[in-house]
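The structure appears below as structure tokens.
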Amino acid sequence: MTVATTDSAQQFIEAYEAAERDFAGPSWLAPLRKAAIARFGELGLPTTRHEEWRFTNLSPLARATFAAAPAADVSLADIREFLVDERWPRLVCVNGRYDARLSLTKDLPAGVSLRGLAERLRENAPGLEGQLAQHADTRGQAFTALNTAMFSDGASLRVGRNVALETPILLLFVATAAAEPTVTHPRVLLVGEQSANFTVIERYVSLGASTYFTNAVTEIVAGPNAVIDHYKSQRESEQAFHIAAQRLQLDRDSRVSSHSLSIGGRLVRNNVHAMLAGAGADANLNGLFVTRGDQHVDNHLRVEHVSPRCASWEFYKGILDGRSSGVFTGRIFVHKQAQKTDAKQSNDNLLLSTEAQIDTKPQLEIFADDVRCTHGATIGQVDHDAIFYLRSRGVPADAARSMLIYAFAGESLGQIKVEPLRDQFQKLLLERLPHGKMLAAGSPLFYGADFARHVKALDRRREST
């Protein structure tokens with residue numbers, strides 16, 4: 001198959017043509033792949049001339065040459081620190097391939113299916129057609145089109161009608177170090193049928209410092225009255241490229257919370273698109289990104305209110321240090337028929353150095369007349385008055401600064417309902433802060449009764465001003 005393409009996309013087109021005959025799957029998937037690669041060829045890699053990519057320069061990715069990631073032998077000991085709880089059900093992919101040895105997919109309740117995606121495709125399992133590659137945007141998003149054409153494995157989770165899972169399910173995607181740049185295209189499909197209730201943790205990690213490209217797509221489908229909590233964390237090599245798309249499809253009266261944490265990566269782009277298609281649906285998008293050095297993280301959110309009486313809340317925070325940069329673009333789109341919409345959007349950013357940079361663009365597009373919508377963004381530095389106050393009470397300068405940074409992130413971390421996961425995220429943040437170990441250990445310097453009184457006094461002082 002020959003596809004017309006731009007120069008920047010050529011290596012990926014050639015990779016598709018070389019692998020096309022080896023793709024496993026049912027007959028209905030092949031036309032979707034061909035249409036997707038054709039569309040990718042038309043779009044090419046985005047540049048800063050594209051409005052939605054104006055602040056994210058993909059030149060470093062376009063210049064690199066990527067080979068398919070090889071199979072790798074990884075042990076349980078290698079990934080133990082990323083498991084949250086070893087007893088929880090999990091599905092592990094290493095370099096884009098499902099690893100049955102490291103996974104725990106047995107002994108799940110009736111009505112729950114957790115499988116490697118390649119296995120389900122070989123079997124043409126019921127429920128895939130009509131859901132897989134039906135929601136994520138392949139027409140307007142080049143990398144989603146590339147993933148749709150190229151994915152070979154990933155994770156598939158289906159939770160049946162009226163099934164409630166007490167234990168979270170972990171999806172772990174592990175990248176290993178390689179001598180040359182590599183690429184993977186992991187695909188995730190999460191389906192909650194009517195009145196299903198479950199929690200999923202989707203994690204991307206690396207076992208070495210190397211250059212690679214993760215191009216991931218996650219489709220989350222919530223049936224009527226379903227409740228889904230989704231946590232995505234990205235803690236990859238700081239030489240890695242990570243571009244991901246999440247598509248949330250919400251039916252009537254469903255509730256989906258999607259939490260994002262980005263710490264690793266050289267260049268990161270998270271495209272999140274929530275479609276509130278059924279009346280009474282509720283979407284909560286919470287995010288925290290922490291950068292340093294030359295890292296760049298771009299969060300691009302779109303929430304569409306299609307039906308009446310739906311609610312959405314976007315709350316993203318950024319902490320940027322060094323020469324790092326970040327982008328937040330949030331768009332709330334309210335269709336004409338989506339009366340009684342309640343939508344809120346907030347982006348707060350903390351710059352820790354004079355060279356760090358953030359570009360933020362909250363947007364509202366409203367075509368209904370009976371709505372309640374708000375949006376806003378802030379950019380600031382650590383409060384010098386607060387640091388002075390803490391230092392006057394004997395707190396070292398670095399420790400005072402760390403406390404205030406930690407407090408800034410605390411509101412976002414507090415949205416995480418899974419306590420062991422929240423503890424891990426807090427630890428990751430503390431590791432980046434001076435005196436973070438003292439904070440983590442609960443030093444009396446930070447947690448004593450005397451300090452608590454000082455914090456309350458500081459709060460009162462802020463309120464009075």
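Lettering and numbering for the structure tokens are positional, with chains as A, B, ... in the shown order, residues counted from 1 in each chain, and ligands counted from 1 in the shown order.
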At a cut-off of 12 Å, can you tabulate as a Markdown table every residue of segment 75-124 of chain A near segment 29-40 of chain A together with its closest atom pair and the distance in Å to one decimal, using only C-alpha atoms and ordering rows by chain then number?
```
| residue | atom | partner | partner_atom | distance |
| --- | --- | --- | --- | --- |
| A:Leu121 | CA | A:Leu29 | CA | 9.0 |
| A:Arg122 | CA | A:Leu29 | CA | 11.1 |
| A:Asn124 | CA | A:Leu29 | CA | 9.8 |
```
Using DSSP on the backbone coordinates, identify all residues within segment 179-399 of chain A classified as strand (DSSP E); present the result as a short mmCIF file (atom, residue, chain, number, x, y, z; two decimals) with N, CA and C atoms, in the first residue's frame.
```cif
data_model
loop_
_atom_site.label_atom_id
_atom_site.label_comp_id
_atom_site.auth_asym_id
_atom_site.auth_seq_id
_atom_site.Cartn_x
_atom_site.Cartn_y
_atom_site.Cartn_z
N THR A 182 13.52 4.07 20.01
CA THR A 182 12.47 3.11 19.65
C THR A 182 11.10 3.76 19.80
N VAL A 183 10.07 3.07 19.28
CA VAL A 183 8.71 3.60 19.34
C VAL A 183 7.74 2.48 19.67
N THR A 184 6.72 2.79 20.46
CA THR A 184 5.61 1.89 20.72
C THR A 184 4.31 2.66 20.55
N ARG A 187 -2.35 0.71 23.00
CA ARG A 187 -3.78 1.05 22.89
C ARG A 187 -4.52 0.51 24.09
N VAL A 188 -5.41 1.31 24.65
CA VAL A 188 -6.18 0.91 25.83
C VAL A 188 -7.65 1.13 25.55
N LEU A 189 -8.46 0.12 25.85
CA LEU A 189 -9.92 0.23 25.74
C LEU A 189 -10.53 -0.16 27.07
N LEU A 190 -11.23 0.80 27.70
CA LEU A 190 -11.89 0.58 28.99
C LEU A 190 -13.39 0.79 28.78
N VAL A 191 -14.16 -0.25 29.07
CA VAL A 191 -15.60 -0.19 28.87
C VAL A 191 -16.31 -0.54 30.18
N GLY A 192 -17.13 0.36 30.65
CA GLY A 192 -17.97 0.10 31.80
C GLY A 192 -19.42 0.05 31.35
N ASN A 197 -18.99 0.04 38.18
CA ASN A 197 -18.27 0.96 39.07
C ASN A 197 -16.87 0.41 39.30
N PHE A 198 -15.84 1.11 38.83
CA PHE A 198 -14.48 0.59 38.98
C PHE A 198 -13.44 1.71 38.87
N THR A 199 -12.22 1.37 39.28
CA THR A 199 -11.08 2.29 39.25
C THR A 199 -9.94 1.66 38.46
N VAL A 200 -9.32 2.45 37.59
CA VAL A 200 -8.19 2.00 36.76
C VAL A 200 -7.03 2.96 36.92
N ILE A 201 -5.84 2.40 37.09
CA ILE A 201 -4.60 3.18 37.15
C ILE A 201 -3.77 2.83 35.92
N GLU A 202 -3.49 3.80 35.10
CA GLU A 202 -2.72 3.60 33.87
C GLU A 202 -1.38 4.31 34.03
N ARG A 203 -0.30 3.52 34.07
CA ARG A 203 1.01 4.09 34.37
C ARG A 203 2.01 3.83 33.23
N TYR A 204 2.82 4.84 32.93
CA TYR A 204 3.88 4.73 31.93
C TYR A 204 5.21 5.03 32.64
N VAL A 205 6.11 4.05 32.62
CA VAL A 205 7.37 4.16 33.34
C VAL A 205 8.51 3.66 32.47
N SER A 206 9.72 3.95 32.88
CA SER A 206 10.90 3.45 32.16
C SER A 206 11.89 2.84 33.14
N TYR A 212 13.14 7.35 23.51
CA TYR A 212 12.11 6.53 22.85
C TYR A 212 10.85 7.37 22.72
N PHE A 213 9.91 6.84 21.98
CA PHE A 213 8.67 7.55 21.69
C PHE A 213 7.49 6.65 22.04
N THR A 214 6.67 7.11 22.97
CA THR A 214 5.43 6.43 23.32
C THR A 214 4.28 7.20 22.72
N ASN A 215 3.52 6.54 21.85
CA ASN A 215 2.36 7.15 21.19
C ASN A 215 1.13 6.36 21.62
N ALA A 216 0.46 6.82 22.66
CA ALA A 216 -0.59 6.04 23.32
C ALA A 216 -1.98 6.63 23.05
N VAL A 217 -2.97 5.74 22.99
CA VAL A 217 -4.37 6.15 22.87
C VAL A 217 -5.20 5.34 23.86
N THR A 218 -6.03 6.02 24.62
CA THR A 218 -6.92 5.38 25.59
C THR A 218 -8.36 5.81 25.29
N GLU A 219 -9.24 4.83 25.13
CA GLU A 219 -10.66 5.10 24.94
C GLU A 219 -11.41 4.59 26.17
N ILE A 220 -12.17 5.48 26.81
CA ILE A 220 -12.94 5.15 28.01
C ILE A 220 -14.41 5.32 27.68
N VAL A 221 -15.16 4.24 27.81
CA VAL A 221 -16.58 4.26 27.44
C VAL A 221 -17.39 3.96 28.69
N ALA A 222 -18.20 4.92 29.13
CA ALA A 222 -19.02 4.77 30.33
C ALA A 222 -20.48 4.63 29.92
N VAL A 227 -19.82 4.44 36.82
CA VAL A 227 -18.90 5.31 37.57
C VAL A 227 -17.48 4.78 37.34
N ILE A 228 -16.63 5.60 36.74
CA ILE A 228 -15.26 5.18 36.42
C ILE A 228 -14.29 6.24 36.95
N ASP A 229 -13.33 5.79 37.75
CA ASP A 229 -12.22 6.64 38.19
C ASP A 229 -10.97 6.17 37.45
N HIS A 230 -10.35 7.08 36.73
CA HIS A 230 -9.19 6.75 35.90
C HIS A 230 -8.01 7.63 36.31
N TYR A 231 -6.88 7.01 36.58
CA TYR A 231 -5.67 7.73 36.96
C TYR A 231 -4.57 7.40 35.96
N LYS A 232 -4.03 8.43 35.32
CA LYS A 232 -2.92 8.21 34.40
C LYS A 232 -1.69 8.94 34.91
N SER A 233 -0.60 8.21 35.05
CA SER A 233 0.66 8.84 35.47
C SER A 233 1.73 8.55 34.44
N GLN A 234 2.54 9.54 34.18
CA GLN A 234 3.62 9.45 33.20
C GLN A 234 4.92 9.79 33.91
N ARG A 235 5.76 8.78 34.07
CA ARG A 235 7.03 8.92 34.80
C ARG A 235 8.13 8.26 33.97
N PHE A 241 9.92 10.91 24.42
CA PHE A 241 8.78 11.62 23.88
C PHE A 241 7.52 10.84 24.27
N HIS A 242 6.52 11.54 24.74
CA HIS A 242 5.28 10.88 25.14
C HIS A 242 4.11 11.72 24.61
N ILE A 243 3.38 11.14 23.67
CA ILE A 243 2.20 11.80 23.13
C ILE A 243 1.02 10.86 23.32
N ALA A 244 -0.01 11.35 23.97
CA ALA A 244 -1.12 10.47 24.35
C ALA A 244 -2.44 11.17 24.08
N ALA A 245 -3.42 10.36 23.71
CA ALA A 245 -4.79 10.83 23.53
C ALA A 245 -5.70 10.02 24.43
N GLN A 246 -6.59 10.72 25.11
CA GLN A 246 -7.64 10.08 25.90
C GLN A 246 -8.98 10.56 25.38
N ARG A 247 -9.85 9.60 25.10
CA ARG A 247 -11.21 9.95 24.68
C ARG A 247 -12.19 9.36 25.69
N LEU A 248 -12.99 10.21 26.31
CA LEU A 248 -13.98 9.80 27.30
C LEU A 248 -15.36 9.94 26.68
N GLN A 249 -16.09 8.84 26.63
CA GLN A 249 -17.44 8.83 26.08
C GLN A 249 -18.42 8.52 27.20
N LEU A 250 -19.26 9.50 27.55
CA LEU A 250 -20.14 9.36 28.70
C LEU A 250 -21.60 9.28 28.28
N ARG A 255 -20.58 8.88 35.46
CA ARG A 255 -19.61 9.72 36.15
C ARG A 255 -18.21 9.21 35.82
N VAL A 256 -17.39 10.07 35.23
CA VAL A 256 -16.02 9.70 34.91
C VAL A 256 -15.08 10.75 35.48
N SER A 257 -14.11 10.30 36.28
CA SER A 257 -13.05 11.17 36.79
C SER A 257 -11.74 10.71 36.17
N SER A 258 -11.02 11.63 35.55
CA SER A 258 -9.75 11.30 34.93
C SER A 258 -8.67 12.20 35.52
N HIS A 259 -7.71 11.58 36.19
CA HIS A 259 -6.64 12.30 36.87
C HIS A 259 -5.32 12.06 36.13
N SER A 260 -4.56 13.12 35.93
CA SER A 260 -3.31 13.01 35.17
C SER A 260 -2.15 13.56 35.99
N LEU A 261 -1.04 12.82 36.01
CA LEU A 261 0.20 13.29 36.63
C LEU A 261 1.35 13.10 35.64
N SER A 262 2.00 14.20 35.27
CA SER A 262 3.15 14.14 34.36
C SER A 262 4.38 14.66 35.08
N LEU A 267 9.55 15.64 26.02
CA LEU A 267 8.46 16.36 25.37
C LEU A 267 7.20 15.55 25.54
N VAL A 268 6.19 16.14 26.17
CA VAL A 268 4.97 15.42 26.52
C VAL A 268 3.76 16.20 26.01
N ARG A 269 2.84 15.49 25.40
CA ARG A 269 1.58 16.10 24.98
C ARG A 269 0.43 15.17 25.39
N ASN A 270 -0.51 15.70 26.17
CA ASN A 270 -1.69 14.95 26.58
C ASN A 270 -2.92 15.60 25.95
N ASN A 271 -3.56 14.88 25.04
CA ASN A 271 -4.81 15.33 24.44
C ASN A 271 -5.96 14.61 25.13
N VAL A 272 -6.81 15.35 25.81
CA VAL A 272 -7.94 14.76 26.53
C VAL A 272 -9.23 15.33 25.95
N HIS A 273 -10.10 14.44 25.49
CA HIS A 273 -11.36 14.87 24.88
C HIS A 273 -12.49 14.12 25.56
N ALA A 274 -13.32 14.86 26.28
CA ALA A 274 -14.47 14.27 26.98
C ALA A 274 -15.75 14.64 26.24
N MET A 275 -16.54 13.63 25.91
CA MET A 275 -17.80 13.83 25.22
C MET A 275 -18.94 13.45 26.16
N LEU A 276 -19.65 14.45 26.68
CA LEU A 276 -20.78 14.21 27.56
C LEU A 276 -22.02 14.06 26.69
N ASP A 282 -21.43 13.45 34.08
CA ASP A 282 -20.55 14.28 34.92
C ASP A 282 -19.11 13.87 34.67
N ALA A 283 -18.27 14.83 34.27
CA ALA A 283 -16.85 14.56 34.01
C ALA A 283 -15.98 15.45 34.88
N ASN A 284 -14.95 14.85 35.49
CA ASN A 284 -14.02 15.56 36.36
C ASN A 284 -12.62 15.31 35.82
N LEU A 285 -11.96 16.36 35.34
CA LEU A 285 -10.61 16.24 34.78
C LEU A 285 -9.65 16.99 35.69
N ASN A 286 -8.78 16.25 36.34
CA ASN A 286 -7.85 16.81 37.32
C ASN A 286 -6.42 16.49 36.87
N GLY A 287 -5.52 17.46 36.93
CA GLY A 287 -4.17 17.20 36.46
C GLY A 287 -3.11 17.98 37.21
N LEU A 288 -1.91 17.40 37.26
CA LEU A 288 -0.74 18.06 37.85
C LEU A 288 0.47 17.71 36.99
N PHE A 289 1.22 18.73 36.57
CA PHE A 289 2.46 18.46 35.83
C PHE A 289 3.60 19.22 36.51
N VAL A 290 4.73 18.52 36.64
CA VAL A 290 5.89 19.05 37.35
C VAL A 290 7.09 18.89 36.43
N THR A 291 7.74 20.00 36.07
CA THR A 291 8.82 19.96 35.09
C THR A 291 10.08 20.61 35.64
N HIS A 296 9.26 19.74 28.53
CA HIS A 296 8.10 20.47 28.00
C HIS A 296 6.88 19.58 28.12
N VAL A 297 5.81 20.08 28.75
CA VAL A 297 4.56 19.34 28.91
C VAL A 297 3.42 20.20 28.40
N ASP A 298 2.63 19.63 27.51
CA ASP A 298 1.50 20.31 26.89
C ASP A 298 0.22 19.53 27.21
N ASN A 299 -0.70 20.14 27.93
CA ASN A 299 -2.00 19.53 28.22
C ASN A 299 -3.06 20.24 27.40
N HIS A 300 -3.73 19.47 26.54
CA HIS A 300 -4.71 20.02 25.62
C HIS A 300 -6.05 19.34 25.88
N LEU A 301 -7.00 20.08 26.44
CA LEU A 301 -8.27 19.50 26.87
C LEU A 301 -9.43 20.08 26.06
N ARG A 302 -10.36 19.20 25.76
CA ARG A 302 -11.61 19.62 25.10
C ARG A 302 -12.76 18.87 25.77
N VAL A 303 -13.72 19.61 26.29
CA VAL A 303 -14.90 19.01 26.92
C VAL A 303 -16.12 19.46 26.13
N GLU A 304 -16.84 18.50 25.59
CA GLU A 304 -18.03 18.81 24.81
C GLU A 304 -19.28 18.44 25.58
N HIS A 305 -20.12 19.43 25.81
CA HIS A 305 -21.43 19.21 26.42
C HIS A 305 -22.45 19.08 25.28
N ALA A 311 -22.48 18.12 33.83
CA ALA A 311 -21.53 18.95 34.59
C ALA A 311 -20.11 18.50 34.28
N SER A 312 -19.21 19.46 34.24
CA SER A 312 -17.79 19.13 34.05
C SER A 312 -16.94 20.07 34.89
N TRP A 313 -15.80 19.53 35.32
CA TRP A 313 -14.86 20.32 36.12
C TRP A 313 -13.45 19.99 35.65
N GLU A 314 -12.72 21.01 35.20
CA GLU A 314 -11.32 20.86 34.82
C GLU A 314 -10.47 21.64 35.81
N PHE A 315 -9.51 20.95 36.39
CA PHE A 315 -8.67 21.60 37.40
C PHE A 315 -7.24 21.09 37.20
N TYR A 316 -6.40 21.90 36.56
CA TYR A 316 -5.01 21.53 36.25
C TYR A 316 -4.05 22.50 36.91
N LYS A 317 -2.95 21.94 37.44
CA LYS A 317 -1.91 22.75 38.05
C LYS A 317 -0.55 22.38 37.45
N GLY A 318 0.29 23.41 37.29
CA GLY A 318 1.64 23.19 36.80
C GLY A 318 2.68 23.78 37.73
N ILE A 319 3.77 23.04 37.94
CA ILE A 319 4.92 23.51 38.72
C ILE A 319 6.13 23.40 37.81
N LEU A 320 6.73 24.53 37.44
CA LEU A 320 7.78 24.54 36.43
C LEU A 320 9.06 25.15 36.98
N SER A 325 9.14 24.26 30.18
CA SER A 325 8.00 25.00 29.66
C SER A 325 6.76 24.12 29.70
N GLY A 326 5.63 24.79 29.75
CA GLY A 326 4.37 24.07 29.79
C GLY A 326 3.30 24.80 28.99
N VAL A 327 2.27 24.04 28.64
CA VAL A 327 1.14 24.59 27.89
C VAL A 327 -0.13 24.01 28.49
N PHE A 328 -1.11 24.88 28.67
CA PHE A 328 -2.46 24.41 29.00
C PHE A 328 -3.44 25.07 28.05
N THR A 329 -4.16 24.23 27.31
CA THR A 329 -5.24 24.72 26.46
C THR A 329 -6.50 23.96 26.86
N GLY A 330 -7.47 24.67 27.36
CA GLY A 330 -8.70 24.03 27.78
C GLY A 330 -9.88 24.66 27.09
N ARG A 331 -10.66 23.83 26.41
CA ARG A 331 -11.82 24.35 25.68
C ARG A 331 -13.08 23.64 26.15
N ILE A 332 -14.04 24.43 26.60
CA ILE A 332 -15.37 23.90 26.93
C ILE A 332 -16.30 24.31 25.80
N PHE A 333 -16.91 23.31 25.17
CA PHE A 333 -17.80 23.54 24.03
C PHE A 333 -19.20 23.08 24.42
N VAL A 334 -20.14 24.02 24.48
CA VAL A 334 -21.52 23.72 24.88
C VAL A 334 -22.42 23.80 23.66
N THR A 341 -26.28 23.26 31.47
CA THR A 341 -24.88 22.86 31.61
C THR A 341 -24.23 23.59 32.79
N ASP A 342 -23.39 22.86 33.53
CA ASP A 342 -22.61 23.44 34.62
C ASP A 342 -21.15 23.06 34.39
N ALA A 343 -20.33 24.01 33.97
CA ALA A 343 -18.95 23.70 33.60
C ALA A 343 -17.99 24.68 34.25
N LYS A 344 -16.93 24.14 34.81
CA LYS A 344 -15.90 24.98 35.46
C LYS A 344 -14.53 24.56 34.94
N GLN A 345 -13.67 25.55 34.77
CA GLN A 345 -12.32 25.27 34.28
C GLN A 345 -11.33 26.18 34.99
N SER A 346 -10.22 25.58 35.48
CA SER A 346 -9.22 26.37 36.19
C SER A 346 -7.83 25.81 35.90
N ASN A 347 -6.90 26.71 35.65
CA ASN A 347 -5.51 26.33 35.46
C ASN A 347 -4.63 27.28 36.27
N ASP A 348 -3.91 26.73 37.26
CA ASP A 348 -3.03 27.51 38.12
C ASP A 348 -1.59 27.02 37.92
N ASN A 349 -0.66 27.95 37.81
CA ASN A 349 0.72 27.60 37.50
C ASN A 349 1.69 28.33 38.42
N LEU A 350 2.73 27.61 38.84
CA LEU A 350 3.75 28.13 39.73
C LEU A 350 5.09 28.05 39.03
N LEU A 351 5.72 29.19 38.79
CA LEU A 351 7.04 29.24 38.14
C LEU A 351 8.11 29.38 39.21
N GLN A 357 8.60 28.78 31.71
CA GLN A 357 7.60 29.47 30.91
C GLN A 357 6.33 28.64 30.82
N ILE A 358 5.18 29.30 30.89
CA ILE A 358 3.90 28.63 30.73
C ILE A 358 3.03 29.45 29.77
N ASP A 359 2.38 28.78 28.86
CA ASP A 359 1.38 29.40 27.98
C ASP A 359 0.04 28.76 28.30
N THR A 360 -0.92 29.56 28.72
CA THR A 360 -2.21 29.02 29.12
C THR A 360 -3.33 29.72 28.37
N LYS A 361 -4.30 28.93 27.94
CA LYS A 361 -5.38 29.46 27.10
C LYS A 361 -6.69 28.77 27.43
N PRO A 362 -7.38 29.21 28.48
CA PRO A 362 -8.72 28.68 28.75
C PRO A 362 -9.74 29.29 27.79
N GLN A 363 -10.70 28.47 27.35
CA GLN A 363 -11.65 28.93 26.35
C GLN A 363 -13.06 28.42 26.65
N LEU A 364 -14.05 29.22 26.28
CA LEU A 364 -15.46 28.82 26.35
C LEU A 364 -16.11 29.08 25.00
N GLU A 365 -16.83 28.09 24.50
CA GLU A 365 -17.66 28.27 23.31
C GLU A 365 -19.05 27.78 23.67
N ILE A 366 -19.99 28.71 23.79
CA ILE A 366 -21.30 28.39 24.34
C ILE A 366 -22.38 28.75 23.33
N VAL A 371 -27.05 28.21 30.95
CA VAL A 371 -25.85 27.49 31.38
C VAL A 371 -25.17 28.27 32.51
N ARG A 372 -24.27 27.58 33.19
CA ARG A 372 -23.41 28.21 34.19
C ARG A 372 -21.99 27.74 33.91
N CYS A 373 -21.18 28.61 33.33
CA CYS A 373 -19.83 28.23 32.92
C CYS A 373 -18.82 29.28 33.42
N THR A 374 -17.70 28.82 33.94
CA THR A 374 -16.64 29.71 34.40
C THR A 374 -15.30 29.15 33.94
N HIS A 375 -14.34 30.05 33.77
CA HIS A 375 -12.98 29.60 33.45
C HIS A 375 -11.99 30.65 33.91
N GLY A 376 -10.75 30.21 34.15
CA GLY A 376 -9.73 31.15 34.59
C GLY A 376 -8.37 30.49 34.66
N ALA A 377 -7.35 31.33 34.72
CA ALA A 377 -5.98 30.84 34.80
C ALA A 377 -5.15 31.81 35.62
N THR A 378 -4.15 31.29 36.33
CA THR A 378 -3.23 32.12 37.10
C THR A 378 -1.81 31.66 36.85
N ILE A 379 -0.89 32.60 36.91
CA ILE A 379 0.55 32.32 36.80
C ILE A 379 1.24 33.14 37.88
N GLY A 380 2.05 32.50 38.70
CA GLY A 380 2.71 33.22 39.76
C GLY A 380 3.97 32.53 40.24
#
```
*Select, from A:Met150, A:Gly140, A:Ala145, A:Phe82, the residue with the minimum atom-to-atom distance to Phe425 of chain A, counting only C-alpha atoms.*
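Residue with the minimum atom-to-atom distance to Phe425 of chain A: A:Phe82.
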_Residue set, segment 198-445 of chain A restricted to alpha helix (DSSP H), as a VMD selection string_ = chain A and resid 384 to 392 397 to 413 419 to 431 436 to 441 444 to 445
- Work out how far apart atom CA of Ala386 of chain A and atom CA of Ala409 of chain A are and give it in Å to one decimal.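 Atom CA of Ala409 of chain A lies at a distance of 16.1 Å from atom CA of Ala386 of chain A.
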Excluding Ala338 of chain A and its own-chain neighbours fewer than 4 positions away, which residues fall within 8 Å of it when counting only C-alpha atoms? Please give them as a list in words.
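These residues fall inside the cut-off: His305, Val306, Ser307, Pro308, Arg309, Cys310, Val334 and Ala368 of chain A.
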For atom CA of Gly223 of chain A and atom CA of Ser254 of chain A, determine how far apart the two atoms are, in Å to one decimal place.
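If I compute the distance from atom CA of Gly223 of chain A to atom CA of Ser254 of chain A, I get 6.6 Å.
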Requested in this report: Name the residues in contact with Ser75 of chain A at a cut-off of 10 Å, using only C-alpha atoms, excluding same-chain residues fewer than 4 positions from it; report them as an NGL selection string.
Outcome: :A and (79-80 or 101-102)
Take the residues that were just selected and, keeping N, CA and C atoms, output them as a compact mmCIF listing (two decimals), in the first residue's frame.
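This went into again-v5.txt:
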```txt
# COMPACT_ATOMS: atom_id res chain seq x y z
N ILE A 79 9.97 -4.20 38.35
CA ILE A 79 8.81 -3.30 38.27
C ILE A 79 8.09 -3.15 39.61
N ARG A 80 8.61 -3.75 40.65
CA ARG A 80 7.90 -3.79 41.94
C ARG A 80 7.56 -2.38 42.45
N ARG A 101 3.54 -13.17 32.21
CA ARG A 101 4.29 -13.57 33.41
C ARG A 101 4.18 -12.52 34.51
N LEU A 102 4.14 -11.26 34.13
CA LEU A 102 4.12 -10.18 35.10
C LEU A 102 2.72 -9.71 35.45
```
(Q) Please determine, counting only C-alpha atoms, which residue among A:Pro168, A:Gly293, A:Pro186, A:Gly394 has the shortest atom-to-atom distance to Glu86 of chain A. (A)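 Among the listed residues, the smallest separation from Glu86 of chain A belongs to A:Pro168.
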* Asked: For Ala281 of chain A, which of A:Arg323, A:Lys340, A:His135, A:Arg391 is the closest residue, counting only C-alpha atoms?
  ->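 Under the stated criterion, the closest residue is A:Lys340.
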* Long-range neighbours of Glu238 of chain A as a list of chain:residue names, 8 Å cut-off, only C-alpha atoms, 3 positions minimum in chain -> A:Ala209, A:Gly264, A:Gly265, A:Arg266, A:Gln295
Report task. Choose the residue, out of A:Phe388, A:Phe143, A:Phe173, A:Tyr16, that has the smallest atom-to-atom separation from Arg90 of chain A; count only C-alpha atoms. Result ->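 Nearest to Arg90 of chain A: A:Phe173.
Coordinates place atom CA of Ala142 of chain A at a distance of 17.1 Å from atom CA of Glu17 of chain A.
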